Structures are given as C-alpha cells and as structure tokens.
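K.L.:
Contents are compact mmCIF, C-alpha atoms and all ligand atoms; file name protein_7.txt:
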# COMPACT_ATOMS: atom_id res chain seq x y z
CA MET A 1 0.00 0.00 0.00
CA ARG A 2 1.33 3.45 -0.93
CA PRO A 3 1.19 5.58 2.24
CA LEU A 4 -0.42 9.01 2.31
CA ILE A 5 1.29 11.37 4.76
CA ILE A 6 -0.18 14.84 5.27
CA ALA A 7 1.87 17.62 6.87
CA ASN A 8 -0.11 20.17 8.85
CA TRP A 9 2.28 23.10 9.34
CA LYS A 10 -0.38 25.00 11.33
CA MET A 11 0.59 28.70 11.78
CA ASN A 12 4.27 28.06 10.95
CA PRO A 13 6.91 29.03 9.89
CA ALA A 14 7.10 32.78 10.53
CA ASN A 15 8.41 33.83 7.10
CA SER A 16 8.11 32.77 3.49
CA LYS A 17 11.81 31.95 3.04
CA ASP A 18 11.64 29.34 5.80
CA ALA A 19 8.45 27.94 4.25
CA PHE A 20 10.10 27.70 0.85
CA ASP A 21 13.27 26.09 2.29
CA LEU A 22 11.27 23.55 4.31
CA ALA A 23 9.20 22.52 1.29
CA ARG A 24 12.28 22.29 -0.93
CA ALA A 25 14.11 20.08 1.59
CA VAL A 26 11.11 17.74 1.84
CA VAL A 27 10.65 17.53 -1.95
CA ARG A 28 14.36 16.75 -2.44
CA GLY A 29 14.53 14.26 0.41
CA LEU A 30 11.51 12.35 -0.87
CA GLU A 31 12.44 12.22 -4.54
CA GLY A 32 11.64 8.73 -5.81
CA VAL A 33 10.14 7.61 -2.45
CA GLU A 34 6.99 5.53 -2.98
CA ALA A 35 4.61 7.63 -0.91
CA ASP A 36 2.17 10.46 -1.51
CA VAL A 37 2.91 13.46 0.70
CA VAL A 38 0.83 16.61 1.09
CA LEU A 39 2.27 19.82 2.52
CA CYS A 40 -0.40 22.05 4.07
CA PRO A 41 1.15 25.45 4.82
CA PRO A 42 -0.71 28.59 5.96
CA PHE A 43 -2.70 30.07 3.03
CA VAL A 44 -0.17 32.86 2.42
CA TYR A 45 2.60 30.41 1.50
CA VAL A 46 0.52 28.26 -0.87
CA PRO A 47 1.42 30.18 -4.08
CA GLN A 48 5.17 29.76 -3.60
CA LEU A 49 5.25 26.00 -2.92
CA LEU A 50 5.64 23.89 -6.02
CA PRO A 51 4.31 20.34 -6.08
CA SER A 52 6.48 17.42 -7.27
CA PRO A 53 5.42 13.98 -8.60
CA ASN A 54 4.95 12.70 -5.03
CA VAL A 55 4.62 15.89 -2.94
CA PHE A 56 1.33 17.75 -3.31
CA ILE A 57 0.13 21.04 -1.85
CA GLY A 58 -2.88 21.34 0.43
CA SER A 59 -4.45 23.91 2.71
CA GLN A 60 -5.55 23.83 6.34
CA ASP A 61 -9.10 25.07 5.71
CA ALA A 62 -11.41 26.54 3.06
CA PHE A 63 -14.76 28.31 3.11
CA TRP A 64 -18.07 26.80 1.93
CA GLU A 65 -18.72 29.31 -0.88
CA GLN A 66 -16.57 29.74 -3.99
CA GLU A 67 -16.69 33.57 -4.10
CA GLY A 68 -18.59 36.55 -2.70
CA ALA A 69 -18.91 38.88 0.28
CA TYR A 70 -17.19 36.77 2.95
CA THR A 71 -14.50 38.93 4.53
CA GLY A 72 -11.35 37.04 5.45
CA GLU A 73 -12.37 33.73 3.90
CA VAL A 74 -10.58 31.71 1.21
CA SER A 75 -12.54 29.55 -1.23
CA PRO A 76 -11.84 26.03 -2.52
CA LEU A 77 -11.86 27.41 -6.07
CA MET A 78 -9.10 29.92 -5.21
CA LEU A 79 -7.03 27.13 -3.69
CA LYS A 80 -7.61 24.92 -6.71
CA ASN A 81 -6.45 27.75 -8.98
CA LEU A 82 -3.25 28.06 -6.92
CA GLY A 83 -2.39 24.40 -7.40
CA CYS A 84 -3.75 22.91 -4.17
CA SER A 85 -5.15 19.42 -4.34
CA TYR A 86 -6.12 18.64 -0.71
CA VAL A 87 -7.90 20.63 2.04
CA ILE A 88 -7.84 19.74 5.75
CA LEU A 89 -11.28 20.31 7.29
CA GLY A 90 -12.65 20.08 10.82
CA HIS A 91 -9.34 20.08 12.65
CA SER A 92 -9.92 20.11 16.43
CA GLU A 93 -7.99 23.38 16.70
CA ARG A 94 -10.58 24.98 14.39
CA ARG A 95 -13.47 23.32 16.22
CA LYS A 96 -12.16 24.94 19.43
CA LEU A 97 -12.48 28.31 17.66
CA GLY A 98 -16.15 27.62 17.03
CA GLU A 99 -16.30 25.46 13.90
CA THR A 100 -19.17 22.98 14.10
CA SER A 101 -19.75 19.67 12.29
CA GLN A 102 -22.53 21.43 10.33
CA MET A 103 -19.99 23.97 9.07
CA VAL A 104 -17.54 21.18 8.25
CA ALA A 105 -20.28 19.42 6.26
CA LYS A 106 -20.83 22.52 4.09
CA LYS A 107 -17.09 22.90 3.56
CA ILE A 108 -16.73 19.25 2.50
CA GLN A 109 -19.32 19.76 -0.24
CA ALA A 110 -17.67 22.96 -1.48
CA VAL A 111 -14.25 21.29 -1.55
CA LEU A 112 -15.67 18.32 -3.49
CA ASP A 113 -17.40 20.73 -5.91
CA ALA A 114 -14.01 22.33 -6.63
CA VAL A 115 -12.60 18.84 -7.33
CA LEU A 116 -10.23 18.94 -4.38
CA VAL A 117 -9.77 16.15 -1.82
CA PRO A 118 -11.26 16.91 1.62
CA VAL A 119 -9.16 15.60 4.53
CA VAL A 120 -11.72 15.39 7.32
CA CYS A 121 -10.59 15.17 10.94
CA ILE A 122 -12.77 13.08 13.26
CA GLY A 123 -12.30 13.14 17.04
CA GLU A 124 -13.50 10.82 19.81
CA ASP A 125 -17.18 11.56 19.16
CA ILE A 126 -16.93 9.41 16.02
CA GLU A 127 -20.56 8.49 15.28
CA ARG A 128 -21.97 11.96 15.98
CA GLU A 129 -19.30 13.83 13.99
CA MET A 130 -19.49 11.43 11.05
CA ASN A 131 -23.28 11.33 10.92
CA ILE A 132 -23.53 15.12 10.83
CA THR A 133 -20.66 15.73 8.44
CA LEU A 134 -21.71 13.03 5.95
CA LYS A 135 -25.50 13.51 6.16
CA ASP A 136 -25.90 15.27 2.80
CA ILE A 137 -22.85 13.91 0.97
CA LYS A 138 -23.59 11.48 -1.89
CA GLU A 139 -22.28 7.97 -1.31
CA THR A 140 -20.11 8.16 -4.44
CA ASP A 141 -18.50 11.29 -2.99
CA VAL A 142 -17.82 9.74 0.43
CA SER A 143 -15.18 7.53 -1.16
CA LYS A 144 -13.35 10.66 -2.41
CA ILE A 145 -12.84 11.87 1.18
CA VAL A 146 -9.75 11.14 3.27
CA PHE A 147 -10.75 10.61 6.91
CA VAL A 148 -8.38 11.14 9.82
CA TYR A 149 -8.97 9.64 13.24
CA GLU A 150 -7.42 12.32 15.40
CA PRO A 151 -8.32 12.29 19.11
CA GLU A 152 -7.75 15.77 20.52
CA GLY A 153 -5.74 14.54 23.51
CA ALA A 154 -3.22 12.89 21.15
CA ILE A 155 -2.19 16.14 19.45
CA SER A 156 1.36 16.87 20.58
CA THR A 157 0.68 20.48 21.60
CA GLU A 158 -2.19 19.56 23.96
CA PRO A 159 -1.35 19.50 27.68
CA ASN A 160 -0.33 15.94 28.69
CA ALA A 161 -0.60 14.78 25.06
CA LYS A 162 -0.36 11.04 24.50
CA PRO A 163 -0.58 9.29 21.11
CA ALA A 164 -3.55 6.94 20.79
CA SER A 165 -2.75 3.41 21.95
CA LEU A 166 -2.85 0.76 19.24
CA GLU A 167 -5.95 -0.75 20.91
CA GLN A 168 -7.68 2.66 20.94
CA LEU A 169 -6.84 3.10 17.26
CA GLU A 170 -8.13 -0.35 16.38
CA ARG A 171 -11.44 0.29 18.17
CA ALA A 172 -11.84 3.68 16.47
CA LEU A 173 -11.10 2.21 13.03
CA ASN A 174 -13.72 -0.49 13.53
CA ARG A 175 -16.30 2.15 14.51
CA MET A 176 -15.43 4.33 11.53
CA ARG A 177 -15.48 1.43 9.06
CA THR A 178 -19.03 0.50 10.01
CA LEU A 179 -20.08 3.96 8.73
CA LEU A 180 -17.90 4.10 5.61
CA PRO A 181 -17.56 2.33 2.28
CA LYS A 182 -14.94 -0.48 2.27
CA THR A 183 -12.65 1.56 0.03
CA ALA A 184 -12.53 4.60 2.35
CA THR A 185 -9.10 6.01 3.13
CA ILE A 186 -8.46 6.43 6.86
CA LEU A 187 -5.37 8.03 8.39
CA TYR A 188 -4.31 8.47 12.00
CA GLY A 189 -3.22 11.81 13.50
CA GLY A 190 -1.71 12.68 16.90
CA SER A 191 1.96 12.76 18.02
CA VAL A 192 3.15 10.68 15.06
CA ASN A 193 6.92 10.50 14.57
CA SER A 194 9.47 8.38 12.72
CA ARG A 195 9.59 5.84 15.58
CA ASN A 196 5.88 5.17 16.08
CA ILE A 197 4.53 5.47 12.49
CA GLN A 198 4.97 1.77 11.73
CA GLY A 199 2.88 0.73 14.73
CA PHE A 200 -0.04 2.84 13.51
CA MET A 201 0.35 1.67 9.92
CA GLY A 202 0.33 -1.90 11.22
CA LYS A 203 -3.24 -1.35 12.44
CA GLY A 204 -4.42 -0.75 8.88
CA VAL A 205 -4.41 3.01 8.48
CA GLN A 206 -3.19 4.20 5.10
CA GLY A 207 -0.99 6.93 6.54
CA ALA A 208 -0.91 9.86 8.94
CA LEU A 209 -1.66 13.51 9.54
CA VAL A 210 1.48 14.99 11.07
CA GLY A 211 1.78 18.30 12.91
CA ALA A 212 4.91 19.19 14.91
CA VAL A 213 7.25 16.70 13.23
CA SER A 214 6.36 18.05 9.77
CA LEU A 215 8.29 21.25 10.59
CA ASP A 216 11.56 19.29 10.88
CA ALA A 217 12.47 18.28 7.33
CA GLN A 218 14.87 15.45 8.22
CA GLU A 219 12.63 13.87 10.86
CA PHE A 220 9.61 14.19 8.56
CA ILE A 221 11.46 12.58 5.63
CA GLN A 222 12.48 9.70 7.90
CA LEU A 223 8.87 9.29 9.07
CA VAL A 224 7.69 9.01 5.45
CA LYS A 225 10.43 6.52 4.59
CA ASN A 226 9.56 4.39 7.62
CA ALA A 227 5.90 4.40 6.54
CA VAL A 228 6.95 3.12 3.11
CA SER A 229 9.09 0.30 4.46
CA MET A 230 6.15 -1.38 6.23
C1 LIG A 301 -2.35 17.80 14.18
O1 LIG A 301 -2.56 18.77 14.90
O2 LIG A 301 -3.02 17.61 13.13
C2 LIG A 301 -1.30 16.87 14.56
C3 LIG A 301 -1.35 15.66 14.08
O3 LIG A 301 -0.34 17.38 15.37
P1 LIG A 301 0.88 16.57 16.06
O4 LIG A 301 1.46 15.66 15.02
O5 LIG A 301 1.84 17.65 16.47
O6 LIG A 301 0.30 15.82 17.19
Kindly return the structure encoded in the file as structure tokens.

P.N.:
Amino acid sequence: MRPLIIANWKMNPANSKDAFDLARAVVRGLEGVEADVVLCPPFVYVPQLLPSPNVFIGSQDAFWEQEGAYTGEVSPLMLKNLGCSYVILGHSERRKLGETSQMVAKKIQAVLDAVLVPVVCIGEDIEREMNITLKDIKETDVSKIVFVYEPEGAISTEPNAKPASLEQLERALNRMRTLLPKTATILYGGSVNSRNIQGFMGKGVQGALVGAVSLDAQEFIQLVKNAVSM
C-alpha cells in the first residue's frame, strides 16, 4: 500500500523563506520515495510552494462558498487555482475556535465541488461527527474523502498529550469502518513521529496527519520513509 502522509504546518513558519526552504528540503529528500505526501502550509505560502510527482500542496481550511462577500475567507476554487489538491477540514484546533460539524459538512461539499480532496478530521465523538458531516454527501462522494482519526488529547501540543494506543486506534477504526464504504481512506493523527509510524500503519491506516514533526524536514522525511518500508 502506498502511504499518504499529510503535513499540517499550522501557523508556521514565521516567514516565506523558511516555508520555501522547508518545502524544498522535503521535496528533495523524498524524490523517488513511494509515498504520496501533502504539505499544508498557511494560506499565504501556498502560491510559492511547487508540487512534485509525489509531494502535493494542500491547505488547512477553506470556506463553503466559492466567491462573494465573505471577509477574510478563502474559497476552494481559489485554492484549486493556486495548485492545491487537498484541504484539511474540521481540525480540532478549528473546532475549538467555534467550527461545528454542520460547518464542516458545508465545507466538504464545497471542496468536493471544486474537485479537491477533503481531509476530514474526526475526534472521539466518532458516530456523531461522522453522521452530521456526511449527512448530505452522496455515497459516491464519500469515497473521495480522506478521513483522519485524530483524538484531541493525542495532538502533541495539547497539555499531557499522549498518542492513541494501538488498541484505541483499532477500536476507532472499527467504529469508523461501520459507517464508511470499504474503500474509504483512513489516516491516524496525533503525536506521530518516525519511531511510532509503523505501529499505527500496522493497524491498517493508510498513513498519517502529522503536525509538529512536519516542521523538521529530516525527521519528517524519515517518518515518510519508515511508513513506506512497512
Ligand atoms: C495535528 O494537529 O493535526 C497533529 C497531528 O499534530 P501533532 O502531530 O503535532 O500531534
């Protein structure tokens, strides 16, 4: 299985030169590596990052309309026109700022309409979040979505963060699979690094959403390589 590893840079780095250098190091270090990698920088850096055959560009959010009077928002169509191919939606850090599953549902549809891949984060409240977010999505579209099981307490920047145990991950995957088509892509997110990635992959996820470690080019490259050599 070809792993899919998605880098969530969050609100980092502080300047565009560092963003460019980080992306360039990752692209070079992963040349020829049999994995699909997506770099999701802050919006402002998207135009300067160039994709490669195995490193794609994504964003960390998008609005649910394609254009109009929505001050401060960025549309899926704009991201598509800048060369993005993936959009992270429903991250717990956005939910803490007030984003609801209903809002995530509208964003998923807009991202699909722009022919981008939604990367939808699902926390511990699996059934509720999935039922609301998928309620109006056509079944044929559900298989175009990448789902991430990402329990909030596993995110490395949370107080007392702990990665999900392999048993916890297995239980969550079983719950998610009962609600999804067999072909659905499911990733794991939360304190993933080059040493623990293989354990998570061994439970049947197709890859990972990676935060903190994705800002360290060498450690991130090693993580991707370890995911490939499963
Ligand atoms: C995230 O916030 O999406 C994440 C996975 O972060 P970290 O890898 O730092 O836990």

K.L.:
Kindly provide, as number ranges by chain, all nucleotide and amino acid residues lying within 10 Å of ligand LIG 301 (chain A), counting only C-alpha atoms and all ligand atoms.

P.N.:
A: 6-10, 60, 88, 91-93, 121, 148-158, 161-163, 188-193, 208-215

K.L.:
Between CA of Leu89 in chain A and CA of Lys17 in chain A, what is the distance in Å, rounded to a tenth?

P.N.:
26.2 Å

K.L.:
Could you produce a table of the residues of range 83-147 of chain A lying within 10 Å of range 27-39 of chain A, with the nearest pair of atoms per residue and their separation in Å rounded to one decimal, using all atoms listed in the file, ordered by chain and increasing residue number, as CSV?

P.N.:
residue,atom,partner,partner_atom,distance
A:Cys84,CA,A:Val38,CA,9.4
A:Ser85,CA,A:Val38,CA,8.6
A:Tyr86,CA,A:Val38,CA,7.5
A:Val87,CA,A:Val38,CA,9.7

K.L.:
Please produce a file of those selected residues containing C-alpha atoms, as a tab-separated table (two decimals), in the frame of the given file.

P.N.:
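The resulting file, result39.tsv, is reproduced below:
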chain	number	residue	atom	x	y	z
A	84	CYS	CA	-3.75	22.91	-4.17
A	85	SER	CA	-5.15	19.42	-4.34
A	86	TYR	CA	-6.12	18.64	-0.71
A	87	VAL	CA	-7.90	20.63	2.04

K.L.:
When you count all atoms listed in the file, which of these residues is closest to Ile122 in chain A: A:Leu50, A:Leu187, A:Val205, A:Val44?

P.N.:
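So, comparing all the options, the nearest one is A:Leu187.
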
K.L.:
Just checking: using all atoms listed in the file, which residue out of A:Val26, A:Val115, A:Leu169, A:Ser229 ends up closest to Leu77 in chain A?

P.N.:
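Closest residue, counting all atoms listed in the file: A:Val115.
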
K.L.:
Give as a PyMOL selection string the set of residues within 8 Å of the point (-10.1, 13.9, -2.8), where distances use the file's coordinates and all atoms listed in the file.

P.N.:
chain A and resi 85-86+112+115-119+144-146

K.L.:
Find the distance between CA of Arg94 in chain A and CA of Asp61 in chain A and write it in Å to one decimal.

P.N.:
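Interatomic distance, CA of Arg94 in chain A to CA of Asp61 in chain A: 8.8 Å.
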
K.L.:
For Ser101 in chain A, which residue among A:Ile57, A:Arg171, A:Lys182, A:Ile126 is the nearest when counting all atoms listed in the file?

P.N.:
A:Ile126

K.L.:
List the neighbours of Lys106 in chain A out to 10 Å using all atoms listed in the file; skip same-chain residues closer than 6 positions along the sequence, and give me the result as a PyMOL selection string.

P.N.:
chain A and resi 63-65+133-134+136-137

K.L.:
What is the CA of Glu167 in chain A to CA of Ala105 in chain A distance in Å?

P.N.:
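Computing it gives 28.8 Å between the two atoms.
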
K.L.:
Using only C-alpha atoms, which of A:Asn160, A:Phe43, A:Phe147, A:Ala114 sits nearest Gly72 in chain A?

P.N.:
A:Phe43
